[in-house]
Amino acid sequence: MRQQKEQDLADSSGGRRVVVHTPEPGVAGQYVAQFVRSLAAQGTRAALFCPSNFSYAEEVAASGVEIVHAPAREVGQAPLWRRLYRNIVFAGKASAKFWATVRPGDIVHFQFALHLGLGLPFFFAARMKRAFVVLTVHDPLPHRWKLPPPLRWVEAALLSIGYSLCDRLVSHNEAGRRILVERFHMESSMISVIPHGPLNLASTPTFPERTPGGAGPLRLLAFGTIRENKGLHLSIAAVQRLRRPPLNRLVCLTIAGTLHNAMEKNYWERCKRLIQEQPTGIEVVERPIDDAEIRPLFARHNAVLLPYVQFFSDSGVAMLALTQRRPILATDAGGLGELLRAADCGILIEAATVDAVVAGIEIARLAPTEWLVQKGVNGHNYAVSGRSWTTVAEQTQNMYDGLLKGLSSEVVRETIAPMGVVR
């Protein structure tokens with residue numbers, strides 16, 4: 001085993017291959033595509049293992065990345081049993097191709113592992129192949145637990161097993177790192193904090209015409225997949241309160257997106273009933289939003305509303321808002337507070353309550369348009385510099401290098417003390 005490690009270490013001088021694994025064919029694939037392309041741009045030998053229906057394969061291949069196609073993966077709204085069944089089918093069909101793809105000494109970097117332990121066979125396979133295992137933990141705790149409360153411990157245990165099989169974990173923010181350390185007892189030294197990169201970079205759009213507190217309405221956007229932890233009910237209730245007497249504020253809200261999965265159906269039905277009670281000023285675009293529609297959609301809104309609750313991740317919607325030069329009105333959930341403090345890119349909603357959302361909207365409504373524009377510019381500048389894909393790739397490569405240096409130290413330790421721990 002020690003001789004194999006020494007050979008692995010020697011091989012690292014020629015540039016180690018990174019196999020990025022994702023089961024996501026659709027929306028989340030945009031992040032993966034940008035990530036892999038950024039690695040390739042830094043000179044990393046990268047391969048992408050993805051479903052054959054991966055939406056961004058052509059642009060990834062154009063950047064010189066090797067594409068390894070697993071079978072197609074069916075996604076979309078369905079009951080839990082159906083989603084579980086089709087994920088089992090996908091995992092079974094993809095496992096053989098994955099085993100044939102991974103070579104000893106590879107770094108296998110997992111992005112969006114399959115839920116409920118169905119990603120674990122891929123983790124075990126990578127370790128059996130003597131590859132290094134890295135996982136980007138986009139959601140250290142699920143947006144919504146899949147199993148009922150009496151069985152939640154099973155779901156948490158499966159997450160813990162997956163985390164423990166990794167050589168390195170990547171969190172997008174310090175809040176995620178704390179959860180991994182405190183809830184799952186991971187060593188802090190094995191967790192790297194690497195930011196979420198920008199999505200769908202925009203040219204400079206114009207802002208909707210309005211005067212502060214005056215004739216033009218404040219137009220707010222709630223965007224993306226519909227989930228309870230995005231606090232849509234708070235957004236709806238806040239806008240309705242502002243539009244009712246005696247306030248009579250000119251505030252409009254657009255909700256654009258579709259259900260994350262069937263588990264959110266009851267929540268969304270409650271939201272729609274709430275809208276029906278007072279629909280004035282609220283527009284619902286309930287369908288997937290194509291990439292080509294994103295820029296004009298954001299361009300006709302003044303800010304993006306993110307009153308997230310029970311959220312422990314980084315928000316792709318927030319990064320999309322910043323790249324579209326739109327300020328965010330957000331709670332201090334997950335990485336949102338860190339983002340607001342680092343970039344001065346919007347307004348902090350003090351709590352996940354209707355009162356606090358109303359107060360945050362009022363600050364935006366009374367602010368001069370130029371002030372909101374500057375917040376959006378601040379966010380854009382931060383997104384394309386402090387969180388650029390070049391920065392993400394450099395920090396990721398540094399993390400890989402640290403992993404290999406750890407191997408070097410381990411080889412030295414084993415040479416001195418042959419009874420040391422074998423990887």
# chains A, B, ... in the order shown; residues from 1 in each chain; ligands from 1
call {"tool": "select_by_dssp", "arguments": {"residues": "range 36-276 of chain A", "states": "strand (DSSP E)", "output": "mmCIF file with N, CA and C atoms, in the first residue's frame"}}
result
data_model
loop_
_atom_site.group_PDB
_atom_site.id
_atom_site.type_symbol
_atom_site.label_atom_id
_atom_site.label_comp_id
_atom_site.auth_asym_id
_atom_site.auth_seq_id
_atom_site.Cartn_x
_atom_site.Cartn_y
_atom_site.Cartn_z
ATOM 1 N N ALA A 46 -9.379 17.577 -16.750
ATOM 2 C CA ALA A 46 -10.706 17.340 -16.204
ATOM 3 C C ALA A 46 -11.537 16.462 -17.118
ATOM 4 N N ALA A 47 -12.350 15.630 -16.485
ATOM 5 C CA ALA A 47 -13.356 14.841 -17.193
ATOM 6 C C ALA A 47 -14.671 15.032 -16.467
ATOM 7 N N LEU A 48 -15.769 15.033 -17.209
ATOM 8 C CA LEU A 48 -17.095 15.186 -16.623
ATOM 9 C C LEU A 48 -17.885 13.907 -16.816
ATOM 10 N N PHE A 49 -18.276 13.287 -15.707
ATOM 11 C CA PHE A 49 -19.142 12.107 -15.731
ATOM 12 C C PHE A 49 -20.559 12.595 -15.462
ATOM 13 N N CYS A 50 -21.441 12.484 -16.447
ATOM 14 C CA CYS A 50 -22.767 13.094 -16.344
ATOM 15 C C CYS A 50 -23.790 12.271 -17.119
ATOM 16 N N PRO A 51 -25.078 12.465 -16.853
ATOM 17 C CA PRO A 51 -26.103 11.764 -17.637
ATOM 18 C C PRO A 51 -26.027 12.153 -19.107
ATOM 19 N N GLU A 66 -13.117 16.246 -21.301
ATOM 20 C CA GLU A 66 -13.606 14.935 -21.710
ATOM 21 C C GLU A 66 -14.985 14.703 -21.103
ATOM 22 N N ILE A 67 -15.942 14.269 -21.909
ATOM 23 C CA ILE A 67 -17.290 13.965 -21.433
ATOM 24 C C ILE A 67 -17.462 12.450 -21.388
ATOM 25 N N VAL A 68 -17.847 11.943 -20.238
ATOM 26 C CA VAL A 68 -18.172 10.521 -20.095
ATOM 27 C C VAL A 68 -19.659 10.432 -19.785
ATOM 28 N N HIS A 69 -20.418 9.862 -20.697
ATOM 29 C CA HIS A 69 -21.867 9.836 -20.545
ATOM 30 C C HIS A 69 -22.332 8.609 -19.782
ATOM 31 N N ALA A 70 -23.018 8.846 -18.685
ATOM 32 C CA ALA A 70 -23.808 7.801 -18.036
ATOM 33 C C ALA A 70 -25.143 7.717 -18.769
ATOM 34 N N ILE A 107 -8.692 12.228 -8.820
ATOM 35 C CA ILE A 107 -9.504 12.956 -7.845
ATOM 36 C C ILE A 107 -10.931 12.945 -8.380
ATOM 37 N N VAL A 108 -11.836 12.327 -7.654
ATOM 38 C CA VAL A 108 -13.241 12.300 -8.059
ATOM 39 C C VAL A 108 -13.981 13.345 -7.232
ATOM 40 N N HIS A 109 -14.498 14.348 -7.908
ATOM 41 C CA HIS A 109 -15.160 15.470 -7.241
ATOM 42 C C HIS A 109 -16.659 15.366 -7.506
ATOM 43 N N PHE A 110 -17.412 15.013 -6.475
ATOM 44 C CA PHE A 110 -18.853 14.818 -6.600
ATOM 45 C C PHE A 110 -19.585 16.151 -6.459
ATOM 46 N N GLN A 111 -20.492 16.401 -7.378
ATOM 47 C CA GLN A 111 -21.370 17.568 -7.337
ATOM 48 C C GLN A 111 -22.816 17.067 -7.386
ATOM 49 N N PHE A 132 -9.119 9.715 -4.932
ATOM 50 C CA PHE A 132 -9.384 10.664 -3.859
ATOM 51 C C PHE A 132 -10.810 11.171 -4.017
ATOM 52 N N VAL A 133 -11.527 11.274 -2.927
ATOM 53 C CA VAL A 133 -12.952 11.606 -2.980
ATOM 54 C C VAL A 133 -13.179 12.994 -2.393
ATOM 55 N N VAL A 134 -13.750 13.872 -3.199
ATOM 56 C CA VAL A 134 -14.093 15.235 -2.792
ATOM 57 C C VAL A 134 -15.582 15.432 -3.054
ATOM 58 N N LEU A 135 -16.265 16.076 -2.147
ATOM 59 C CA LEU A 135 -17.689 16.365 -2.304
ATOM 60 C C LEU A 135 -17.942 17.834 -2.037
ATOM 61 N N THR A 136 -18.587 18.517 -2.985
ATOM 62 C CA THR A 136 -19.096 19.857 -2.714
ATOM 63 C C THR A 136 -20.454 19.706 -2.043
ATOM 64 N N ARG A 168 -11.991 15.210 1.303
ATOM 65 C CA ARG A 168 -12.216 16.639 1.490
ATOM 66 C C ARG A 168 -13.680 16.950 1.219
ATOM 67 N N LEU A 169 -14.195 17.916 1.984
ATOM 68 C CA LEU A 169 -15.528 18.459 1.746
ATOM 69 C C LEU A 169 -15.389 19.930 1.390
ATOM 70 N N VAL A 170 -16.266 20.408 0.527
ATOM 71 C CA VAL A 170 -16.294 21.819 0.149
ATOM 72 C C VAL A 170 -17.637 22.391 0.560
ATOM 73 N N SER A 171 -17.604 23.465 1.335
ATOM 74 C CA SER A 171 -18.810 24.218 1.675
ATOM 75 C C SER A 171 -18.729 25.579 1.005
ATOM 76 N N ILE A 191 -12.481 20.540 5.647
ATOM 77 C CA ILE A 191 -13.538 21.301 4.973
ATOM 78 C C ILE A 191 -12.955 22.589 4.416
ATOM 79 N N SER A 192 -13.101 22.782 3.120
ATOM 80 C CA SER A 192 -12.681 24.019 2.474
ATOM 81 C C SER A 192 -13.901 24.861 2.150
ATOM 82 N N VAL A 193 -13.825 26.155 2.420
ATOM 83 C CA VAL A 193 -14.912 27.074 2.062
ATOM 84 C C VAL A 193 -14.548 27.736 0.741
ATOM 85 N N LEU A 218 -42.388 49.828 -7.068
ATOM 86 C CA LEU A 218 -41.199 49.021 -6.794
ATOM 87 C C LEU A 218 -41.513 47.602 -7.240
ATOM 88 N N ARG A 219 -40.735 47.084 -8.162
ATOM 89 C CA ARG A 219 -40.995 45.759 -8.722
ATOM 90 C C ARG A 219 -39.988 44.759 -8.154
ATOM 91 N N LEU A 220 -40.533 43.756 -7.487
ATOM 92 C CA LEU A 220 -39.719 42.738 -6.824
ATOM 93 C C LEU A 220 -39.909 41.397 -7.514
ATOM 94 N N LEU A 221 -38.851 40.598 -7.526
ATOM 95 C CA LEU A 221 -38.873 39.302 -8.194
ATOM 96 C C LEU A 221 -38.543 38.194 -7.198
ATOM 97 N N ALA A 222 -39.386 37.160 -7.174
ATOM 98 C CA ALA A 222 -39.073 35.904 -6.479
ATOM 99 C C ALA A 222 -38.883 34.855 -7.566
ATOM 100 N N PHE A 223 -37.675 34.313 -7.667
ATOM 101 C CA PHE A 223 -37.303 33.536 -8.848
ATOM 102 C C PHE A 223 -36.844 32.137 -8.461
ATOM 103 N N VAL A 251 -46.207 48.544 -4.740
ATOM 104 C CA VAL A 251 -45.220 47.469 -4.728
ATOM 105 C C VAL A 251 -45.799 46.297 -5.505
ATOM 106 N N CYS A 252 -45.005 45.737 -6.408
ATOM 107 C CA CYS A 252 -45.440 44.597 -7.221
ATOM 108 C C CYS A 252 -44.483 43.426 -7.007
ATOM 109 N N LEU A 253 -45.020 42.238 -7.094
ATOM 110 C CA LEU A 253 -44.221 41.021 -6.915
ATOM 111 C C LEU A 253 -44.479 40.076 -8.075
ATOM 112 N N THR A 254 -43.390 39.578 -8.676
ATOM 113 C CA THR A 254 -43.483 38.527 -9.689
ATOM 114 C C THR A 254 -42.878 37.252 -9.110
ATOM 115 N N ILE A 255 -43.639 36.167 -9.174
ATOM 116 C CA ILE A 255 -43.142 34.850 -8.779
ATOM 117 C C ILE A 255 -42.945 34.057 -10.057
ATOM 118 N N ALA A 256 -41.697 33.731 -10.376
ATOM 119 C CA ALA A 256 -41.383 33.063 -11.641
ATOM 120 C C ALA A 256 -40.612 31.780 -11.375
ATOM 121 N N GLY A 257 -41.192 30.656 -11.767
ATOM 122 C CA GLY A 257 -40.535 29.369 -11.572
ATOM 123 C C GLY A 257 -41.557 28.263 -11.477
#
call {"tool": "select_by_dssp", "arguments": {"residues": "range 53-258 of chain A", "states": "alpha helix (DSSP H)", "output": "ChimeraX atom specification"}}
result
/A:57-62,80-101,120-128,152-164,174-182,232-243
call {"tool": "write_last_selection", "arguments": {"atoms": "C-alpha atoms", "output": "compact mmCIF listing (two decimals), in the first residue's frame"}}
result
# COMPACT_ATOMS: atom_id res chain seq x y z
CA ALA A 57 -22.53 18.94 -22.53
CA GLU A 58 -21.81 20.76 -25.79
CA GLU A 59 -20.37 23.88 -24.19
CA VAL A 60 -18.34 21.80 -21.70
CA ALA A 61 -16.88 19.66 -24.50
CA ALA A 62 -15.99 22.83 -26.43
CA LEU A 80 -41.20 10.18 -3.63
CA TRP A 81 -41.58 6.49 -4.52
CA ARG A 82 -41.32 7.29 -8.22
CA ARG A 83 -38.27 9.51 -7.77
CA LEU A 84 -36.64 6.86 -5.59
CA TYR A 85 -37.34 4.14 -8.17
CA ARG A 86 -35.97 6.08 -11.12
CA ASN A 87 -32.87 7.09 -9.13
CA ILE A 88 -32.25 3.44 -8.25
CA VAL A 89 -32.53 2.57 -11.95
CA PHE A 90 -30.12 5.37 -12.88
CA ALA A 91 -27.62 4.42 -10.17
CA GLY A 92 -27.68 0.79 -11.23
CA LYS A 93 -27.10 1.59 -14.88
CA ALA A 94 -24.46 4.27 -14.22
CA SER A 95 -22.37 2.29 -11.71
CA ALA A 96 -20.65 0.04 -14.25
CA LYS A 97 -19.74 3.01 -16.46
CA PHE A 98 -18.42 4.91 -13.44
CA TRP A 99 -16.31 1.94 -12.33
CA ALA A 100 -14.76 1.71 -15.80
CA THR A 101 -14.10 5.47 -15.85
CA LEU A 120 -22.98 6.02 -1.73
CA PRO A 121 -22.18 3.21 -4.22
CA PHE A 122 -20.30 5.77 -6.33
CA PHE A 123 -18.37 6.97 -3.25
CA PHE A 124 -17.44 3.40 -2.34
CA ALA A 125 -16.43 2.66 -5.93
CA ALA A 126 -14.12 5.68 -6.05
CA ARG A 127 -12.43 4.60 -2.82
CA MET A 128 -12.08 1.01 -3.99
CA ARG A 152 -35.23 11.31 9.78
CA TRP A 153 -32.34 9.76 11.69
CA VAL A 154 -31.90 7.30 8.80
CA GLU A 155 -31.59 10.14 6.31
CA ALA A 156 -29.14 11.99 8.56
CA ALA A 157 -27.09 8.80 9.01
CA LEU A 158 -26.86 8.33 5.24
CA LEU A 159 -25.61 11.90 4.87
CA SER A 160 -23.06 11.29 7.63
CA ILE A 161 -21.78 8.14 5.95
CA GLY A 162 -21.35 9.99 2.66
CA TYR A 163 -19.45 12.83 4.33
CA SER A 164 -17.19 10.40 6.21
CA GLU A 174 -19.05 29.35 6.96
CA ALA A 175 -22.61 28.49 8.01
CA GLY A 176 -22.32 25.23 6.06
CA ARG A 177 -18.92 24.48 7.57
CA ARG A 178 -20.36 24.91 11.08
CA ILE A 179 -23.16 22.44 10.36
CA LEU A 180 -20.69 19.87 9.04
CA VAL A 181 -18.53 20.23 12.14
CA GLU A 182 -21.23 20.54 14.80
CA LEU A 232 -42.71 32.77 -0.64
CA HIS A 233 -45.61 32.98 1.82
CA LEU A 234 -43.77 35.81 3.59
CA SER A 235 -43.18 37.65 0.30
CA ILE A 236 -46.84 37.33 -0.70
CA ALA A 237 -48.20 38.41 2.69
CA ALA A 238 -45.81 41.36 2.91
CA VAL A 239 -46.71 42.73 -0.52
CA GLN A 240 -50.42 42.29 0.20
CA ARG A 241 -50.10 44.21 3.46
CA LEU A 242 -48.21 47.02 1.79
CA ARG A 243 -50.86 47.38 -0.93
call {"tool": "residues_around", "arguments": {"residues": "Leu340 in chain A", "least_positions_apart": "3", "cutoff": "12 Å", "atoms": "only C-alpha atoms", "output": "ChimeraX atom specification"}}
result
/A:306,314-315,318-319,322,327-337,343-349,375-376,378-379,382-383
call {"tool": "write_last_selection", "arguments": {"atoms": "C-alpha atoms", "output": "mmCIF file, in the first residue's frame"}}
result
data_model
loop_
_atom_site.group_PDB
_atom_site.id
_atom_site.type_symbol
_atom_site.label_atom_id
_atom_site.label_comp_id
_atom_site.auth_asym_id
_atom_site.auth_seq_id
_atom_site.Cartn_x
_atom_site.Cartn_y
_atom_site.Cartn_z
ATOM 1 C CA LEU A 306 -35.157 36.315 -0.735
ATOM 2 C CA ASP A 314 -25.582 29.402 -0.746
ATOM 3 C CA SER A 315 -28.328 30.719 -2.985
ATOM 4 C CA ALA A 318 -28.800 35.338 -5.162
ATOM 5 C CA MET A 319 -25.732 34.840 -7.352
ATOM 6 C CA LEU A 322 -25.945 39.781 -8.587
ATOM 7 C CA PRO A 327 -29.771 44.071 -5.420
ATOM 8 C CA ILE A 328 -31.160 41.445 -3.071
ATOM 9 C CA LEU A 329 -33.497 41.787 -0.099
ATOM 10 C CA ALA A 330 -32.567 38.760 1.987
ATOM 11 C CA THR A 331 -32.587 37.231 5.439
ATOM 12 C CA ASP A 332 -29.399 36.172 7.201
ATOM 13 C CA ALA A 333 -29.992 32.506 6.306
ATOM 14 C CA GLY A 334 -27.217 30.222 5.063
ATOM 15 C CA GLY A 335 -24.674 32.244 3.131
ATOM 16 C CA LEU A 336 -26.998 35.179 2.365
ATOM 17 C CA GLY A 337 -25.891 37.284 5.320
ATOM 18 C CA ALA A 343 -20.583 42.807 -1.185
ATOM 19 C CA ASP A 344 -22.885 45.568 0.176
ATOM 20 C CA CYS A 345 -25.332 44.371 -2.438
ATOM 21 C CA GLY A 346 -28.752 44.862 -0.894
ATOM 22 C CA ILE A 347 -30.883 45.026 2.236
ATOM 23 C CA LEU A 348 -30.826 42.657 5.189
ATOM 24 C CA ILE A 349 -34.273 41.452 6.288
ATOM 25 C CA LYS A 375 -26.211 48.091 -4.681
ATOM 26 C CA GLY A 376 -26.705 46.033 -7.830
ATOM 27 C CA ASN A 378 -21.639 46.407 -6.001
ATOM 28 C CA GLY A 379 -23.019 42.894 -6.179
ATOM 29 C CA TYR A 382 -18.178 41.254 -6.277
ATOM 30 C CA ALA A 383 -19.648 38.328 -8.212
#
call {"tool": "closest_residue", "arguments": {"among": "A:Phe184, A:Met263, A:Glu362, A:Gln278", "to": "Leu147 in chain A", "atoms": "only C-alpha atoms"}}
result
A:Met263
call {"tool": "closest_residue", "arguments": {"among": "A:His138, A:Arg270, A:Arg103, A:Arg144", "to": "Ile194 in chain A", "atoms": "only C-alpha atoms"}}
result
A:His138
call {"tool": "closest_residue", "arguments": {"among": "A:Leu199, A:Ala33, A:Ala72, A:Val354", "to": "Val317 in chain A", "atoms": "only C-alpha atoms"}}
result
A:Leu199
call {"tool": "atom_distance", "arguments": {"atom1": "CA of Ser55 in chain A", "atom2": "CA of Gly26 in chain A"}}
result
5.8 Å
call {"tool": "atom_distance", "arguments": {"atom1": "CA of Gln34 in chain A", "atom2": "CA of Pro288 in chain A"}}
result
20.3 Å
call {"tool": "closest_residue", "arguments": {"among": "A:His172, A:Gln42, A:Val373, A:Gly105", "to": "Lys129 in chain A", "atoms": "only C-alpha atoms"}}
result
A:Gly105
call {"tool": "atom_distance", "arguments": {"atom1": "CA of Leu118 in chain A", "atom2": "CA of Leu165 in chain A"}}
result
13.8 Å
call {"tool": "closest_residue", "arguments": {"among": "A:Gln77, A:Arg325, A:Pro307, A:Asp355", "to": "His260 in chain A", "atoms": "only C-alpha atoms"}}
result
A:Gln77
call {"tool": "closest_residue", "arguments": {"among": "A:Pro71, A:Gly386, A:Gly402, A:Asn302", "to": "Ala367 in chain A", "atoms": "only C-alpha atoms"}}
result
A:Asn302
